[in-house]
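Printed here is data_36.tsv (TSV, C-alpha atoms and all ligand atoms):
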chain	number	residue	atom	x	y	z
N	499	MET	CA	293.25	150.82	235.81
N	500	LYS	CA	293.19	154.61	235.77
N	501	PRO	CA	289.59	155.81	235.77
N	502	GLY	CA	288.92	159.16	234.16
N	503	GLY	CA	286.80	161.69	235.95
N	504	SER	CA	283.45	160.82	234.37
N	505	LEU	CA	280.90	158.72	236.20
N	506	THR	CA	280.89	156.30	233.27
N	507	GLU	CA	284.61	155.67	233.58
N	508	ARG	CA	284.39	155.42	237.33
N	509	TYR	CA	281.55	152.88	237.05
N	510	LEU	CA	283.57	150.78	234.61
N	511	ALA	CA	286.64	150.91	236.84
N	512	LEU	CA	284.53	149.80	239.80
N	513	LEU	CA	282.91	147.06	237.68
N	514	LYS	CA	286.35	145.68	236.84
N	515	LYS	CA	287.40	145.69	240.50
N	516	SER	CA	284.21	143.94	241.44
N	517	LEU	CA	284.56	141.28	238.71
N	518	LEU	CA	288.11	140.65	239.88
N	519	ASN	CA	287.11	140.63	243.56
N	520	VAL	CA	289.95	142.98	244.39
N	521	LEU	CA	287.78	145.09	246.68
N	522	TYR	CA	287.55	142.30	249.23
N	523	LEU	CA	290.67	140.39	248.32
N	524	GLU	CA	291.73	139.84	251.92
N	525	ASN	CA	288.70	137.59	252.41
N	526	GLU	CA	289.72	135.45	249.45
N	527	ALA	CA	293.26	135.39	250.89
N	528	ARG	CA	291.85	134.25	254.24
N	529	ILE	CA	290.00	131.33	252.62
N	530	ALA	CA	293.03	130.41	250.52
N	531	TYR	CA	295.25	130.61	253.59
N	532	PHE	CA	292.87	128.46	255.56
N	533	VAL	CA	292.45	125.80	252.84
N	534	ILE	CA	296.13	125.57	251.94
N	535	HIS	CA	297.38	125.40	255.52
N	536	ALA	CA	294.66	122.94	256.52
N	537	LEU	CA	295.77	120.69	253.66
N	538	ARG	CA	299.36	121.04	254.83
N	539	GLY	CA	298.38	120.26	258.40
N	540	ASN	CA	299.88	123.46	259.83
N	541	LEU	CA	296.82	125.57	260.39
N	542	PRO	CA	297.37	128.61	262.62
N	543	PRO	CA	294.61	129.53	265.09
N	544	ALA	CA	291.42	130.46	263.24
N	545	THR	CA	291.20	133.74	265.14
N	546	GLN	CA	294.55	134.77	263.73
N	547	ILE	CA	293.37	134.23	260.14
N	548	VAL	CA	290.06	135.96	260.68
N	549	SER	CA	291.02	138.87	262.88
N	550	ASP	CA	294.54	139.79	261.83
N	551	PHE	CA	293.55	142.13	259.00
N	552	LEU	CA	296.97	143.70	258.58
N	553	GLY	CA	298.65	140.34	258.90
N	554	ILE	CA	296.65	138.84	256.05
N	555	ARG	CA	297.33	141.88	253.86
N	556	ARG	CA	301.04	141.46	254.50
N	557	SER	CA	300.96	137.73	253.82
N	558	GLU	CA	302.57	136.13	250.79
N	559	ILE	CA	299.24	134.64	249.76
N	560	PHE	CA	297.61	138.08	249.63
N	561	HIS	CA	300.52	139.51	247.66
N	562	LEU	CA	300.47	136.65	245.14
N	563	LEU	CA	296.70	136.87	244.76
N	564	LYS	CA	296.93	140.60	244.13
N	565	GLU	CA	299.56	140.13	241.44
N	566	ALA	CA	297.59	137.28	239.84
N	567	ARG	CA	294.55	139.58	239.52
N	568	LYS	CA	296.58	142.01	237.45
N	569	VAL	CA	297.70	139.53	234.83
N	570	GLY	CA	295.14	136.74	235.01
N	571	GLY	CA	295.69	133.21	236.19
N	572	TRP	CA	295.56	131.57	239.56
N	573	LEU	CA	297.14	131.83	242.92
N	574	VAL	CA	300.18	129.62	242.86
N	575	TYR	CA	301.68	129.32	246.29
N	576	GLY	CA	304.73	127.28	246.98
N	577	GLY	CA	305.92	126.60	243.43
N	578	ALA	CA	304.62	126.42	239.90
N	579	ASN	CA	301.04	125.18	239.78
N	580	ASN	CA	301.25	124.41	243.50
N	581	ALA	CA	303.77	121.74	242.55
N	582	GLY	CA	303.95	119.00	245.09
N	583	HIS	CA	300.53	120.03	246.37
N	584	PRO	CA	298.06	118.75	243.76
N	585	GLU	CA	295.24	118.84	246.29
N	586	GLU	CA	295.89	122.58	246.73
N	587	ALA	CA	295.61	123.08	242.99
N	588	ALA	CA	292.39	121.08	242.99
N	589	ALA	CA	291.03	123.07	245.92
N	590	ARG	CA	291.44	126.43	244.23
N	591	ASN	CA	287.85	126.49	243.00
N	592	PHE	CA	286.86	126.83	246.63
N	593	PHE	CA	288.77	130.03	247.05
N	594	PHE	CA	288.85	131.52	243.54
N	595	THR	CA	286.03	133.98	244.00
N	596	ALA	CA	286.55	136.35	241.07
N	597	HIS	CA	283.92	136.30	238.34
N	598	THR	CA	286.50	136.18	235.60
N	599	MET	CA	289.92	134.58	235.44
N	600	ILE	CA	291.29	137.03	232.87
N	601	GLY	CA	292.83	139.70	235.09
N	602	GLU	CA	293.00	143.47	234.95
N	603	ALA	CA	295.18	143.88	231.86
N	604	ARG	CA	292.76	141.84	229.75
N	605	LEU	CA	289.71	143.67	231.08
N	606	ASP	CA	291.49	146.92	230.22
N	607	ASN	CA	292.08	145.53	226.74
N	608	ILE	CA	288.35	144.83	226.27
N	609	HIS	CA	287.69	148.38	227.46
N	610	TYR	CA	290.18	149.75	224.93
N	611	CYS	CA	288.72	147.68	222.07
N	612	LEU	CA	285.18	148.85	222.91
N	613	ASP	CA	286.24	152.50	223.14
N	614	THR	CA	287.83	152.18	219.70
N	615	ILE	CA	284.85	150.37	218.21
N	616	ILE	CA	282.50	153.09	219.41
N	617	ARG	CA	284.82	155.94	218.47
N	618	ASP	CA	285.28	154.58	214.94
N	619	GLY	CA	281.67	153.45	214.48
N	620	ILE	CA	282.58	149.82	213.77
N	621	PRO	CA	279.28	147.98	213.35
N	622	GLY	CA	278.36	144.76	215.07
N	623	ASP	CA	277.76	142.86	218.27
N	624	LEU	CA	280.24	141.56	220.86
N	625	ILE	CA	280.89	137.91	221.59
N	626	GLU	CA	282.95	135.81	223.93
N	627	THR	CA	283.45	132.17	222.98
N	628	GLY	CA	284.38	130.50	226.25
N	629	ALA	CA	282.83	132.47	229.10
N	630	TRP	CA	283.29	130.38	232.27
N	631	LYS	CA	281.51	132.48	234.97
N	632	GLY	CA	280.85	135.18	232.38
N	633	GLY	CA	282.90	138.01	233.87
N	634	ALA	CA	284.42	139.25	230.61
N	635	ALA	CA	281.00	139.24	228.95
N	636	ILE	CA	279.48	140.97	231.98
N	637	PHE	CA	282.05	143.72	231.48
N	638	MET	CA	281.02	144.01	227.81
N	639	ARG	CA	277.36	144.36	228.80
N	640	GLY	CA	278.28	146.85	231.52
N	641	TYR	CA	280.18	148.93	228.98
N	642	LEU	CA	277.20	149.09	226.61
N	643	SER	CA	274.90	149.96	229.47
N	644	ALA	CA	277.21	152.65	230.84
N	645	HIS	CA	277.46	154.24	227.40
N	646	ASP	CA	273.72	154.01	226.75
N	647	ILE	CA	274.28	151.86	223.68
N	648	HIS	CA	271.17	149.92	222.72
N	649	ASN	CA	271.89	148.70	219.18
N	650	ARG	CA	274.45	146.02	220.01
N	651	LEU	CA	274.10	142.62	221.63
N	652	VAL	CA	276.47	140.66	223.84
N	653	TRP	CA	276.68	136.97	222.88
N	654	VAL	CA	277.87	134.45	225.46
N	655	ALA	CA	278.90	131.17	223.83
N	656	ASP	CA	279.75	128.22	226.05
N	657	SER	CA	278.81	124.62	226.67
N	658	PHE	CA	278.19	125.64	230.30
N	659	GLU	CA	279.43	122.11	230.95
N	660	GLY	CA	283.15	122.75	230.75
N	661	LEU	CA	285.48	121.88	227.91
N	662	PRO	CA	284.87	119.02	225.51
N	663	ARG	CA	287.11	115.99	225.66
N	664	PRO	CA	289.84	116.56	223.09
N	665	THR	CA	289.21	114.82	219.78
N	666	HIS	CA	291.29	116.86	217.35
N	667	GLU	CA	294.81	115.49	216.92
N	668	LYS	CA	296.30	118.89	217.80
N	669	ASP	CA	294.54	118.79	221.16
N	670	GLU	CA	295.99	115.45	222.12
N	671	GLY	CA	297.16	115.48	225.74
N	672	TRP	CA	295.12	118.58	226.63
N	673	ASP	CA	292.10	117.21	228.42
N	674	PHE	CA	290.44	120.02	230.37
N	675	SER	CA	287.04	118.33	230.47
N	676	LYS	CA	284.92	118.47	233.59
N	677	ASP	CA	286.02	115.20	235.15
N	678	ILE	CA	289.57	116.53	235.27
N	679	PHE	CA	288.94	120.28	235.63
N	680	PRO	CA	285.54	120.57	237.31
N	681	TYR	CA	286.07	124.24	238.14
N	682	LEU	CA	285.95	125.05	234.41
N	683	CYS	CA	282.35	123.86	234.36
N	684	VAL	CA	279.88	126.63	235.26
N	685	SER	CA	276.19	126.19	234.55
N	686	ILE	CA	274.16	128.64	232.49
N	687	GLU	CA	271.96	129.27	235.53
N	688	GLU	CA	274.96	130.37	237.53
N	689	VAL	CA	276.22	132.64	234.74
N	690	LYS	CA	272.79	134.24	234.33
N	691	GLU	CA	272.59	134.74	238.07
N	692	LEU	CA	275.94	136.53	237.99
N	693	PHE	CA	274.76	138.85	235.19
N	694	GLU	CA	271.71	139.51	237.35
N	695	ARG	CA	273.81	140.37	240.40
N	696	TYR	CA	275.34	143.20	238.39
N	697	ASP	CA	271.86	144.24	237.10
N	698	LEU	CA	273.08	143.43	233.60
N	699	LEU	CA	270.84	140.54	232.57
N	700	ASP	CA	268.40	141.66	229.90
N	701	ASP	CA	267.42	140.97	226.30
N	702	LYS	CA	270.68	142.50	225.07
N	703	VAL	CA	272.51	139.43	226.38
N	704	ARG	CA	272.11	136.26	224.32
N	705	PHE	CA	273.36	132.84	225.36
N	706	LEU	CA	274.57	130.24	222.88
N	707	LYS	CA	274.57	127.04	224.90
N	708	GLY	CA	276.32	123.98	223.51
N	709	TRP	CA	279.54	122.92	221.83
N	710	PHE	CA	280.89	125.59	219.50
N	711	CYS	CA	280.85	123.16	216.57
N	712	ASP	CA	277.05	122.89	216.99
N	713	THR	CA	276.06	126.40	218.08
N	714	LEU	CA	278.33	128.75	216.13
N	715	PRO	CA	277.52	127.65	212.56
N	716	VAL	CA	273.81	128.37	213.15
N	717	ALA	CA	274.09	131.23	215.64
N	718	PRO	CA	271.86	134.13	214.62
N	719	VAL	CA	274.80	136.53	214.91
N	720	GLU	CA	274.83	138.77	211.87
N	721	ARG	CA	277.78	141.05	212.41
N	722	LEU	CA	280.44	141.34	215.05
N	723	ALA	CA	282.66	144.18	216.14
N	724	LEU	CA	284.44	142.15	218.82
N	725	LEU	CA	285.34	138.47	218.84
N	726	ARG	CA	286.92	137.36	222.12
N	727	MET	CA	288.08	133.75	222.05
N	728	ASP	CA	288.82	131.88	225.27
N	729	GLY	CA	288.16	128.22	224.48
N	730	ASP	CA	291.68	126.89	225.21
N	731	LEU	CA	291.70	124.09	222.63
N	732	TYR	CA	292.76	124.02	218.98
N	733	GLU	CA	289.32	122.84	217.95
N	734	SER	CA	287.46	125.40	220.09
N	735	THR	CA	289.58	128.24	218.72
N	736	MET	CA	289.28	127.02	215.14
N	737	ASP	CA	285.50	126.60	215.45
N	738	ALA	CA	285.24	130.20	216.61
N	739	LEU	CA	287.44	131.52	213.82
N	740	ASN	CA	285.85	129.48	211.03
N	741	ASN	CA	282.34	130.46	212.01
N	742	LEU	CA	282.75	134.00	213.32
N	743	TYR	CA	285.74	135.69	211.71
N	744	PRO	CA	283.86	136.07	208.38
N	745	ARG	CA	281.17	137.94	210.33
N	746	LEU	CA	283.64	140.36	211.93
N	747	SER	CA	283.46	143.89	210.56
N	748	ASP	CA	286.53	145.56	209.12
N	749	GLY	CA	288.03	147.51	211.96
N	750	GLY	CA	286.70	144.99	214.47
N	751	PHE	CA	288.89	143.23	217.01
N	752	VAL	CA	289.89	139.63	217.64
N	753	ILE	CA	291.18	138.80	221.11
N	754	VAL	CA	292.91	135.47	221.71
N	755	ASP	CA	293.08	134.80	225.42
N	756	ASP	CA	295.46	131.84	225.38
N	757	PHE	CA	297.71	132.62	222.43
N	758	ASN	CA	300.91	132.52	224.47
N	759	ALA	CA	299.67	130.17	227.19
N	760	LEU	CA	298.48	127.18	225.19
N	761	PRO	CA	300.37	126.09	222.07
N	762	GLN	CA	297.35	124.38	220.51
N	763	CYS	CA	295.42	127.66	220.69
N	764	ARG	CA	298.29	129.56	219.07
N	765	GLU	CA	298.54	126.90	216.38
N	766	ALA	CA	294.86	127.25	215.51
N	767	VAL	CA	295.25	131.01	215.18
N	768	ASN	CA	298.41	130.70	213.10
N	769	ASP	CA	296.82	128.06	210.84
N	770	TYR	CA	293.71	130.17	210.29
N	771	ARG	CA	295.68	133.35	209.62
N	772	ARG	CA	297.97	131.53	207.18
N	773	ASP	CA	295.09	129.87	205.33
N	774	HIS	CA	293.20	133.16	205.04
N	775	GLY	CA	296.15	135.42	204.29
N	776	ILE	CA	295.67	137.51	207.44
N	777	ALA	CA	298.69	139.67	208.13
N	778	ASP	CA	297.25	142.14	210.64
N	779	GLU	CA	299.71	142.79	213.43
N	780	ILE	CA	299.35	140.60	216.52
N	781	ILE	CA	299.67	142.79	219.59
N	782	PRO	CA	300.45	141.47	223.10
N	783	ILE	CA	298.11	142.28	225.99
N	784	ASP	CA	299.88	140.48	228.81
N	785	GLN	CA	301.96	137.35	229.16
N	786	ASP	CA	299.24	135.09	227.73
N	787	SER	CA	296.93	137.10	225.54
N	788	VAL	CA	297.04	138.95	222.24
N	789	TYR	CA	294.70	140.77	219.91
N	790	TRP	CA	294.60	142.09	216.39
N	791	ARG	CA	292.44	144.51	214.49
N	792	LYS	CA	290.88	143.30	211.27
N	793	SER	CA	292.33	145.42	208.49
N	794	GLY	CA	290.22	147.89	206.63
N	795	SER	CA	289.93	149.82	209.88
N	796	ARG	CA	289.35	153.51	209.66
N	797	SER	CA	292.04	154.18	212.15
N	798	SER	CA	295.30	152.31	211.88
N	799	ASN	CA	298.09	152.02	214.39
N	800	PRO	CA	296.40	150.22	217.25
N	801	SER	CA	298.12	150.85	220.49
N	802	THR	CA	299.28	148.25	222.94
N	803	GLN	CA	297.62	150.31	225.66
N	804	GLY	CA	300.58	149.99	227.88
N	805	HIS	CA	300.11	146.27	228.41
N	806	SER	CA	303.64	145.37	229.20
N	807	MET	CA	304.88	141.90	230.03
N	808	ARG	CA	304.89	141.59	233.77
N	809	SER	CA	307.18	139.60	235.86
N	810	LEU	CA	305.29	136.47	236.79
N	811	LEU	CA	307.69	134.37	238.76
N	812	LYS	CA	305.73	131.69	240.45
N	813	LEU	CA	302.26	133.09	240.51
N	814	LEU	CA	300.93	132.02	237.16
N	815	PHE	CA	298.81	129.08	236.36
N	816	SER	CA	300.19	128.19	232.98
N	817	PRO	CA	301.39	124.59	232.93
N	818	ARG	CA	297.94	123.19	232.37
N	819	ARG	CA	299.09	120.10	230.47
N	820	VAL	CA	297.62	116.98	231.93
N	821	GLN	CA	300.34	114.71	233.22
R	901	LIG	C1	289.19	129.36	230.31
R	901	LIG	S1	287.47	129.31	230.43
R	901	LIG	C2	286.96	130.94	229.94
R	901	LIG	C3	287.30	132.05	230.93
R	901	LIG	C4	286.48	133.30	230.76
R	901	LIG	N1	286.66	133.91	229.49
R	901	LIG	C5	286.65	134.30	231.86
R	901	LIG	O1	286.39	135.50	231.62
R	901	LIG	O2	287.02	133.97	232.97
R	901	LIG	C6	287.06	128.32	229.03
R	901	LIG	C7	285.59	128.17	228.76
R	901	LIG	O3	285.45	127.71	227.42
R	901	LIG	C8	284.38	126.79	227.34
R	901	LIG	N2	284.62	125.96	226.13
R	901	LIG	C9	285.84	125.58	225.66
R	901	LIG	N3	285.70	124.91	224.52
R	901	LIG	C10	284.38	124.86	224.23
R	901	LIG	C11	283.63	124.31	223.15
R	901	LIG	N4	284.22	123.68	222.12
R	901	LIG	N5	282.30	124.48	223.16
R	901	LIG	C12	281.69	125.13	224.18
R	901	LIG	N6	282.36	125.67	225.24
R	901	LIG	C13	283.70	125.54	225.27
R	901	LIG	C14	284.41	126.06	228.67
R	901	LIG	O4	283.15	125.54	229.02
R	901	LIG	C15	284.87	127.17	229.63
R	901	LIG	O5	283.76	127.80	230.24
Now that the file is in, can you turn its structure into structure tokens?
Amino acid sequence: MKPGGSLTERYLALLKKSLLNVLYLENEARIAYFVIHALRGNLPPATQIVSDFLGIRRSEIFHLLKEARKVGGWLVYGGANNAGHPEEAAARNFFFTAHTMIGEARLDNIHYCLDTIIRDGIPGDLIETGAWKGGAAIFMRGYLSAHDIHNRLVWVADSFEGLPRPTHEKDEGWDFSKDIFPYLCVSIEEVKELFERYDLLDDKVRFLKGWFCDTLPVAPVERLALLRMDGDLYESTMDALNNLYPRLSDGGFVIVDDFNALPQCREAVNDYRRDHGIADEIIPIDQDSVYWRKSGSRSSNPSTQGHSMRSLLKLLFSPRRVQ
């Protein structure tokens, strides 16, 4: 995140920090510290957690949280996926206070794609399929607002009831539905309220509520410049591609949030690309995510924008397979 000098760039940099809750991260660290140590039965005095500002900023939890915000994912404290502490993993929705789970590198990638779309005059709206609290889509709306762009819409597609139970054979064993992962279930009211908090809820934001297989085929989306997919499952990814890729302008971007995190997501993308003869280069964003630019673009040679693989060690929430 290196904001340029303009107010627009500074606003967008601040918007990202706010969506990621990195401005007040020590408070999130305090809650995480409190919850985790209470569950472990070794809670230090409350005054120490609340008042020791420097102590909390020096703590391992703070450090891990800070790293997790750069690359997306969850705080994992004490081993992969809080191994041995399933109740800590389950409790994370109490202390995960960011408005997006995608991290700084992926917000920067959206920023880069939008800059390129505007620079090259690629026509179309912006969509995220799989919005959770809506943070990535809020950033898209913030970008349009900051650049005084009024002829594009932001579409937010989600069940707002969490993920569907897996039915496709390639999703077998990957049940992220709300009974198992309740924190993936965020209501449309809550998402709208979050857009409102940022003063970004208006008629340029359109919500497509329901399962992708029902909403996307009939969605009144005419043309897209950006398709950001974050639906985790094979079926969710394939529904987005089947219904929306044909509406993506040449020179537009496809972002696949879970390409390297979830094999069923990668398989859907690979199957679709193979079946449709798509050979556009897949470019890494961070350890999990990739994007490509639909060929026919006016400017070739998309850059990776400096999104290097970062060392993750134990801080990533990636082993999401249900045991
Ligand atoms: C990993 S979360 C998205 C994270 C989000 N992009 C962010 O910025 O933090 C996945 C979301 O996809 C939605 N979802 C997945 N499959 C879906 C489907 N087939 N139909 C509707 N919503 C779906 C879930 O409800 C959930 O909100």
Can you pull out every residue with an atom within 8 Å of ligand LIG 901 (chain R)? Use only C-alpha atoms and all ligand atoms and format it as a PDB file with C-alpha atoms, in the coordinates of the input.
ATOM      1  CA  HIS N 597     283.920 136.300 238.340  1.00  0.00           C
ATOM      2  CA  THR N 598     286.500 136.180 235.600  1.00  0.00           C
ATOM      3  CA  MET N 599     289.920 134.580 235.440  1.00  0.00           C
ATOM      4  CA  ILE N 600     291.290 137.030 232.870  1.00  0.00           C
ATOM      5  CA  GLU N 626     282.950 135.810 223.930  1.00  0.00           C
ATOM      6  CA  THR N 627     283.450 132.170 222.980  1.00  0.00           C
ATOM      7  CA  GLY N 628     284.380 130.500 226.250  1.00  0.00           C
ATOM      8  CA  ALA N 629     282.830 132.470 229.100  1.00  0.00           C
ATOM      9  CA  TRP N 630     283.290 130.380 232.270  1.00  0.00           C
ATOM     10  CA  LYS N 631     281.510 132.480 234.970  1.00  0.00           C
ATOM     11  CA  GLY N 632     280.850 135.180 232.380  1.00  0.00           C
ATOM     12  CA  GLY N 633     282.900 138.010 233.870  1.00  0.00           C
ATOM     13  CA  ALA N 634     284.420 139.250 230.610  1.00  0.00           C
ATOM     14  CA  ALA N 635     281.000 139.240 228.950  1.00  0.00           C
ATOM     15  CA  ALA N 655     278.900 131.170 223.830  1.00  0.00           C
ATOM     16  CA  ASP N 656     279.750 128.220 226.050  1.00  0.00           C
ATOM     17  CA  SER N 657     278.810 124.620 226.670  1.00  0.00           C
ATOM     18  CA  PHE N 658     278.190 125.640 230.300  1.00  0.00           C
ATOM     19  CA  GLU N 659     279.430 122.110 230.950  1.00  0.00           C
ATOM     20  CA  GLY N 660     283.150 122.750 230.750  1.00  0.00           C
ATOM     21  CA  LEU N 661     285.480 121.880 227.910  1.00  0.00           C
ATOM     22  CA  PRO N 662     284.870 119.020 225.510  1.00  0.00           C
ATOM     23  CA  LEU N 682     285.950 125.050 234.410  1.00  0.00           C
ATOM     24  CA  CYS N 683     282.350 123.860 234.360  1.00  0.00           C
ATOM     25  CA  VAL N 684     279.880 126.630 235.260  1.00  0.00           C
ATOM     26  CA  LYS N 707     274.570 127.040 224.900  1.00  0.00           C
ATOM     27  CA  GLY N 708     276.320 123.980 223.510  1.00  0.00           C
ATOM     28  CA  TRP N 709     279.540 122.920 221.830  1.00  0.00           C
ATOM     29  CA  PHE N 710     280.890 125.590 219.500  1.00  0.00           C
ATOM     30  CA  CYS N 711     280.850 123.160 216.570  1.00  0.00           C
ATOM     31  CA  MET N 727     288.080 133.750 222.050  1.00  0.00           C
ATOM     32  CA  ASP N 728     288.820 131.880 225.270  1.00  0.00           C
ATOM     33  CA  GLY N 729     288.160 128.220 224.480  1.00  0.00           C
ATOM     34  CA  ASP N 730     291.680 126.890 225.210  1.00  0.00           C
ATOM     35  CA  LEU N 731     291.700 124.090 222.630  1.00  0.00           C
ATOM     36  CA  GLU N 733     289.320 122.840 217.950  1.00  0.00           C
ATOM     37  CA  SER N 734     287.460 125.400 220.090  1.00  0.00           C
ATOM     38  CA  THR N 735     289.580 128.240 218.720  1.00  0.00           C
ATOM     39  CA  ASP N 737     285.500 126.600 215.450  1.00  0.00           C
ATOM     40  CA  ASP N 755     293.080 134.800 225.420  1.00  0.00           C
TER      41      ASP N 755
END
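All protein and nucleic acid residues in the vicinity of (299.0, 143.0, 212.2), that is within 9 Å when counting only C-alpha atoms, are Ile776, Ala777, Asp778, Glu779, Ile780, Ile781, Trp790, Arg791, Lys792 and Ser793 of chain N.
Taking all atoms listed in the file, the non-local environment of Asn758 (chain N) within 10 Å (same-chain residues fewer than 5 positions away omitted) comprises Cys763, Arg764, Pro782, Asp784, Gln785, Asp786, Ser787, Val788 and Ser816 of chain N.
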Using Å and a single decimal, report how far CA of Lys514 (chain N) sits from CA of Phe679 (chain N).
25.6 Å
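Rounded to one decimal, CA of Ser643 (chain N) and CA of Ile686 (chain N) lie 21.5 Å from each other.
Between Ala759 (chain N) and the candidates N:Leu624, N:Leu541, N:Leu706, N:Gly571, the tightest atom-to-atom separation, counting only C-alpha atoms, involves N:Gly571.
If you look at CA of Phe693 (chain N) and CA of Ile636 (chain N), they are 6.1 Å away from each other.
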